[in-house]
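**Student:** Before we start, here is the structure in question, set down as structure tokens.
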Amino acid sequence: MVHNNDNLDKTSLFSGMKRMVNSTRAVGGIAARLAGEKMGIPINKASHAEELKNILGNLKGPMMKVAQLISTIPNILPDEYADELAQLQSNAPPMGWSFVRRRMRGELGPNWETAFDEFSHEAVAAASLGQVHKAKLHDGREVACKLQYPDMISTVESDLKQLRLLIALYHRLDNAIKQDEVYKELVTRLQEELDYKREAANLRLFSYMLKNNDTTVIPNVIENLSTERLITMDWIEGKNLRSLITPELDQAHRNNIARALFKAWYIPFYQYGVIHGDPHMGNFLINHQNQLCLLDFGSIRIFQGKFVKGVIDLCHAVETNNEELAYQAYTSWGFKNISKETMTVLNEWASFLYAPLTQDKDRYIQDDTDPDLGRKLANKVHKGLQQAGGVTPPREFVLVDRSAIGLGSLFTRLNAKLNWHQLFQEIIADFDVDKLDQEQEKAIELARVPPPLE
């Protein structure tokens, strides 16, 4: 449906009011049920979780993005809710052509159409914060124009308030993992995602960091056609991973994709202190040369070398059963006041996560006959943390953990079998804290990355 310009503001206002009512209804519904459970009234969480997914799925936009994100963070919500929220897909209703023209005029000026030889009237892809149009420049280059939906700043702010209430309500019942710092991190990173100039800088940063890695392709940014709410970049042709993972996909191809993913995520982290926090299948393609093409660079975090050293140290601690080194690692991450009992529980979870990196052999990422082992162990760790008085994860830990879990899930779906230990050792072979900090400073300066929001 195409709206005329006179109705745009009214439509936006009506949509905003409807969104507020629906999101309040969703959060209020959980609140009532959790309060009832605390008073001894049993609830069918699975049924209510599906209802919640349907409500939030209709809202689309940042609430959907938030829902997808929190579904990957262990114990931020009950399992039933997290499972349903994980199924939400980015299929926001597209802006009509009249609206797109008005938005493009606001970003590039009244003569914006003269910059393109062709510009698709229909969106070719829609996500939670914006939509993509395919276009062609006068020199024949095909480009992707990602245009942000209107009113995203106020919409994100409203949705995050609902999320804060939801987390607070749940953690009155469950104090195993205190999420105060997690919430702060989600707020900051989502605010950064709204700035497409920052995302353009992130593309330049990843192009530099992966310049010697021929298994990965990063699109170039068209600088003069990009703004804070519009990013124009090379058009990338390829297949998404969901369509590729079929029974017909041979093992060698599965392994190559997994190897490329591992390098694309962990060369930047272990050599430059930069993590891509959103290993979602919709964020990359496999091109005709079987290269991994990364598309979305909104969710990025930069760390000091000492934090990265802590991640490596914990792997060594798990491998050698060194409790003192494990304690130093958790402290360098920002965990505070960790008791011996709490550390014992955390180490059990770390041993599970780090197992592929500590075993020098070809193996599947989950080398066990029980597909539900991870969930069972997570529940055991959760109960252990409750008994130990709970733990507050540092905000720096959120995207690293999310990447590890997201990538692990992809490696499992690919059914890839690799020597993960060898891959890891190759990447960290020359690790040095001072060297990482120096390389990071150089890369950030060259890519013109703005300072992170706090």
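Ordered as shown in the structure tokens, chains take letters A, B, and onward, while each chain numbers its residues from 1 and ligands are numbered from 1 in the order shown.
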Skipping near chain neighbours, those fewer than 5 positions away, what residues fall within 7 Å of Pro393 in chain A using only C-alpha atoms, listed as a PyMOL selection string?
**Tutor:** chain A and resi 181-182+335
**Student:** Which one of A:Leu205, A:Ile236, A:Val318, A:Leu210 sits closest to Leu261 in chain A if you count only C-alpha atoms?
**Tutor:**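 Going through A:Leu205, A:Ile236, A:Val318, A:Leu210 one by one, the smallest distance to Leu261 in chain A is for A:Leu210.
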**Student:** Range 213-272 of chain A near range 401-424 of chain A within 12 Å: what's each residue's closest atom pair and its distance in Å to one decimal, counting only C-alpha atoms, ordered by chain then ascending residue number, as a tab-separated table?
**Tutor:**
residue	atom	partner	partner_atom	distance
A:Leu241	CA	A:Leu414	CA	9.0
A:Arg242	CA	A:Arg413	CA	9.5
A:Ser243	CA	A:Leu414	CA	11.7
A:Leu244	CA	A:Leu414	CA	9.4
A:Ile245	CA	A:Leu414	CA	6.5
A:Thr246	CA	A:Leu414	CA	9.1
A:Pro247	CA	A:Leu414	CA	10.1
A:Glu248	CA	A:Leu414	CA	11.8
A:Leu249	CA	A:Leu414	CA	9.1
A:Asp250	CA	A:Ala416	CA	10.1
A:Gln251	CA	A:Ala416	CA	7.1
A:Ala252	CA	A:Ala416	CA	8.5
A:His253	CA	A:Ala416	CA	8.9
A:Arg254	CA	A:Ala416	CA	5.5
A:Asn255	CA	A:Ala416	CA	4.9
A:Asn256	CA	A:Ala416	CA	8.4
A:Ile257	CA	A:Leu414	CA	8.3
A:Ala258	CA	A:Phe411	CA	6.1
A:Arg259	CA	A:Leu418	CA	7.8
A:Ala260	CA	A:Leu423	CA	10.5
A:Leu261	CA	A:Leu407	CA	7.8
A:Phe262	CA	A:Leu407	CA	7.9
A:Lys263	CA	A:Leu423	CA	8.1
A:Ala264	CA	A:Leu407	CA	11.0
A:Trp265	CA	A:Ser403	CA	8.2
A:Tyr266	CA	A:Phe424	CA	8.3
A:Ile267	CA	A:Phe424	CA	9.3
A:Phe269	CA	A:Ser403	CA	10.8
A:Tyr270	CA	A:Phe424	CA	9.3
A:Gln271	CA	A:Phe424	CA	11.6
**Student:** Include N, CA and C atoms and write out the residues we just selected as a PDB file, in the first residue's frame.
**Tutor:**
ATOM      1  N   LEU A 241      22.487 -18.797   3.811  1.00  0.00           N
ATOM      2  CA  LEU A 241      22.877 -20.079   4.390  1.00  0.00           C
ATOM      3  C   LEU A 241      21.688 -21.005   4.590  1.00  0.00           C
ATOM      4  N   ARG A 242      20.542 -20.417   4.879  1.00  0.00           N
ATOM      5  CA  ARG A 242      19.351 -21.249   5.118  1.00  0.00           C
ATOM      6  C   ARG A 242      19.008 -22.081   3.880  1.00  0.00           C
ATOM      7  N   SER A 243      19.151 -21.478   2.700  1.00  0.00           N
ATOM      8  CA  SER A 243      18.837 -22.207   1.468  1.00  0.00           C
ATOM      9  C   SER A 243      19.950 -23.181   1.088  1.00  0.00           C
ATOM     10  N   LEU A 244      21.170 -22.952   1.589  1.00  0.00           N
ATOM     11  CA  LEU A 244      22.295 -23.814   1.255  1.00  0.00           C
ATOM     12  C   LEU A 244      22.328 -25.092   2.091  1.00  0.00           C
ATOM     13  N   ILE A 245      21.886 -24.984   3.351  1.00  0.00           N
ATOM     14  CA  ILE A 245      21.984 -26.140   4.244  1.00  0.00           C
ATOM     15  C   ILE A 245      20.870 -27.129   3.927  1.00  0.00           C
ATOM     16  N   THR A 246      21.192 -28.047   3.043  1.00  0.00           N
ATOM     17  CA  THR A 246      20.272 -29.118   2.652  1.00  0.00           C
ATOM     18  C   THR A 246      21.030 -30.440   2.766  1.00  0.00           C
ATOM     19  N   PRO A 247      20.320 -31.561   2.752  1.00  0.00           N
ATOM     20  CA  PRO A 247      21.011 -32.859   2.816  1.00  0.00           C
ATOM     21  C   PRO A 247      22.012 -33.064   1.679  1.00  0.00           C
ATOM     22  N   GLU A 248      21.823 -32.318   0.568  1.00  0.00           N
ATOM     23  CA  GLU A 248      22.699 -32.487  -0.583  1.00  0.00           C
ATOM     24  C   GLU A 248      24.040 -31.753  -0.416  1.00  0.00           C
ATOM     25  N   LEU A 249      24.135 -30.852   0.555  1.00  0.00           N
ATOM     26  CA  LEU A 249      25.373 -30.087   0.744  1.00  0.00           C
ATOM     27  C   LEU A 249      26.472 -31.015   1.264  1.00  0.00           C
ATOM     28  N   ASP A 250      27.565 -31.144   0.487  1.00  0.00           N
ATOM     29  CA  ASP A 250      28.603 -32.111   0.857  1.00  0.00           C
ATOM     30  C   ASP A 250      29.422 -31.616   2.055  1.00  0.00           C
ATOM     31  N   GLN A 251      30.130 -32.553   2.698  1.00  0.00           N
ATOM     32  CA  GLN A 251      30.854 -32.260   3.932  1.00  0.00           C
ATOM     33  C   GLN A 251      31.960 -31.230   3.725  1.00  0.00           C
ATOM     34  N   ALA A 252      32.662 -31.320   2.605  1.00  0.00           N
ATOM     35  CA  ALA A 252      33.748 -30.371   2.342  1.00  0.00           C
ATOM     36  C   ALA A 252      33.226 -28.939   2.280  1.00  0.00           C
ATOM     37  N   HIS A 253      32.066 -28.759   1.631  1.00  0.00           N
ATOM     38  CA  HIS A 253      31.475 -27.428   1.519  1.00  0.00           C
ATOM     39  C   HIS A 253      31.028 -26.932   2.900  1.00  0.00           C
ATOM     40  N   ARG A 254      30.435 -27.819   3.679  1.00  0.00           N
ATOM     41  CA  ARG A 254      30.014 -27.463   5.043  1.00  0.00           C
ATOM     42  C   ARG A 254      31.224 -26.991   5.861  1.00  0.00           C
ATOM     43  N   ASN A 255      32.302 -27.744   5.769  1.00  0.00           N
ATOM     44  CA  ASN A 255      33.506 -27.399   6.529  1.00  0.00           C
ATOM     45  C   ASN A 255      34.106 -26.078   6.075  1.00  0.00           C
ATOM     46  N   ASN A 256      34.095 -25.818   4.771  1.00  0.00           N
ATOM     47  CA  ASN A 256      34.659 -24.570   4.245  1.00  0.00           C
ATOM     48  C   ASN A 256      33.877 -23.354   4.732  1.00  0.00           C
ATOM     49  N   ILE A 257      32.546 -23.467   4.757  1.00  0.00           N
ATOM     50  CA  ILE A 257      31.715 -22.358   5.240  1.00  0.00           C
ATOM     51  C   ILE A 257      31.998 -22.107   6.720  1.00  0.00           C
ATOM     52  N   ALA A 258      32.069 -23.192   7.502  1.00  0.00           N
ATOM     53  CA  ALA A 258      32.327 -23.054   8.941  1.00  0.00           C
ATOM     54  C   ALA A 258      33.704 -22.444   9.190  1.00  0.00           C
ATOM     55  N   ARG A 259      34.700 -22.857   8.414  1.00  0.00           N
ATOM     56  CA  ARG A 259      36.059 -22.315   8.573  1.00  0.00           C
ATOM     57  C   ARG A 259      36.077 -20.815   8.257  1.00  0.00           C
ATOM     58  N   ALA A 260      35.369 -20.435   7.197  1.00  0.00           N
ATOM     59  CA  ALA A 260      35.306 -19.016   6.821  1.00  0.00           C
ATOM     60  C   ALA A 260      34.607 -18.197   7.901  1.00  0.00           C
ATOM     61  N   LEU A 261      33.535 -18.735   8.465  1.00  0.00           N
ATOM     62  CA  LEU A 261      32.829 -18.053   9.555  1.00  0.00           C
ATOM     63  C   LEU A 261      33.744 -17.868  10.762  1.00  0.00           C
ATOM     64  N   PHE A 262      34.444 -18.920  11.131  1.00  0.00           N
ATOM     65  CA  PHE A 262      35.334 -18.871  12.293  1.00  0.00           C
ATOM     66  C   PHE A 262      36.389 -17.769  12.108  1.00  0.00           C
ATOM     67  N   LYS A 263      37.001 -17.726  10.934  1.00  0.00           N
ATOM     68  CA  LYS A 263      38.039 -16.723  10.672  1.00  0.00           C
ATOM     69  C   LYS A 263      37.457 -15.308  10.619  1.00  0.00           C
ATOM     70  N   ALA A 264      36.289 -15.168   9.987  1.00  0.00           N
ATOM     71  CA  ALA A 264      35.677 -13.836   9.850  1.00  0.00           C
ATOM     72  C   ALA A 264      35.325 -13.239  11.200  1.00  0.00           C
ATOM     73  N   TRP A 265      34.971 -14.097  12.150  1.00  0.00           N
ATOM     74  CA  TRP A 265      34.605 -13.591  13.481  1.00  0.00           C
ATOM     75  C   TRP A 265      35.813 -13.450  14.400  1.00  0.00           C
ATOM     76  N   TYR A 266      36.768 -14.373  14.299  1.00  0.00           N
ATOM     77  CA  TYR A 266      37.785 -14.419  15.347  1.00  0.00           C
ATOM     78  C   TYR A 266      39.144 -13.848  14.961  1.00  0.00           C
ATOM     79  N   ILE A 267      39.446 -13.632  13.689  1.00  0.00           N
ATOM     80  CA  ILE A 267      40.629 -12.836  13.341  1.00  0.00           C
ATOM     81  C   ILE A 267      40.462 -11.408  13.864  1.00  0.00           C
ATOM     82  N   PHE A 269      38.640 -10.390  16.350  1.00  0.00           N
ATOM     83  CA  PHE A 269      38.589 -10.360  17.816  1.00  0.00           C
ATOM     84  C   PHE A 269      39.965 -10.590  18.437  1.00  0.00           C
ATOM     85  N   TYR A 270      40.653 -11.641  18.032  1.00  0.00           N
ATOM     86  CA  TYR A 270      41.911 -12.001  18.689  1.00  0.00           C
ATOM     87  C   TYR A 270      43.114 -11.212  18.180  1.00  0.00           C
ATOM     88  N   GLN A 271      42.974 -10.547  17.032  1.00  0.00           N
ATOM     89  CA  GLN A 271      44.101  -9.771  16.517  1.00  0.00           C
ATOM     90  C   GLN A 271      43.880  -8.264  16.581  1.00  0.00           C
TER      91      GLN A 271
END
**Student:** Distance CA of Val217 in chain A-CA of Tyr354 in chain A, one decimal place?
**Tutor:** 27.9 Å
**Student:** So that I can see what lies close to Ile444 in chain A, please list as a ChimeraX atom specification the residues with an atom at most 10 Å from it, counting only C-alpha atoms and leaving out residues fewer than 3 positions away in the same chain.
**Tutor:** /A:201-202,204-206,208-209,272,302,439-441,447-451
**Student:** Looking at A:Lys197, A:Arg164, A:Lys306, A:Lys184, which one is nearest to Gly273 in chain A, with distances taken over only C-alpha atoms?
**Tutor:**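 That would be A:Lys306, the residue with the smallest distance to Gly273 in chain A.
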**Student:** If you measure from CA of Ile312 in chain A to CA of Cys293 in chain A, what distance in Å do you get, rounded to one decimal?
**Tutor:**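 A separation of 27.1 Å between them.
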**Student:** DSSP on the backbone, alpha helix (DSSP H) only: what residues of range 193-332 of chain A does that give? Format it as number ranges by chain.
**Tutor:** A: 193, 196-209, 241-244, 251-272, 305-320, 323-332
**Student:** Interatomic distance between CA of Ser299 in chain A and CA of Pro356 in chain A?
**Tutor:** 25.6 Å
**Student:** Any idea what's packed within 7 Å of Glu107 in chain A, counting only C-alpha atoms, ignoring anything in its chain fewer than 3 positions away? Could you give it as an MDAnalysis selection string?
**Tutor:** chainID A and resid 103:104 227 230
**Student:** Save out the residues we just selected, N, CA, C and O atoms, as a PDB file, in the first residue's frame.
**Tutor:**
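As a result, result-v3.pdb now contains:
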ATOM      1  N   ARG A 103      11.793   9.995   2.120  1.00  0.00           N
ATOM      2  CA  ARG A 103      12.920   9.692   3.009  1.00  0.00           C
ATOM      3  C   ARG A 103      14.254   9.930   2.298  1.00  0.00           C
ATOM      4  O   ARG A 103      15.192  10.476   2.868  1.00  0.00           O
ATOM      5  N   MET A 104      14.342   9.505   1.029  1.00  0.00           N
ATOM      6  CA  MET A 104      15.587   9.688   0.273  1.00  0.00           C
ATOM      7  C   MET A 104      15.868  11.171   0.036  1.00  0.00           C
ATOM      8  O   MET A 104      17.018  11.616   0.083  1.00  0.00           O
ATOM      9  N   THR A 227      24.583   8.488   4.656  1.00  0.00           N
ATOM     10  CA  THR A 227      24.332   9.474   5.719  1.00  0.00           C
ATOM     11  C   THR A 227      24.104   8.723   7.023  1.00  0.00           C
ATOM     12  O   THR A 227      24.308   7.510   7.104  1.00  0.00           O
ATOM     13  N   LEU A 230      21.107   6.499   6.003  1.00  0.00           N
ATOM     14  CA  LEU A 230      21.187   5.813   4.715  1.00  0.00           C
ATOM     15  C   LEU A 230      22.616   5.339   4.499  1.00  0.00           C
ATOM     16  O   LEU A 230      23.565   6.110   4.685  1.00  0.00           O
TER      17      LEU A 230
END
**Student:** Counting only C-alpha atoms, what is within 12 Å of Asp139 in chain A, bar same-chain residues fewer than 2 positions away, as a PyMOL selection string?
**Tutor:** chain A and resi 115-118+135-137+141-143
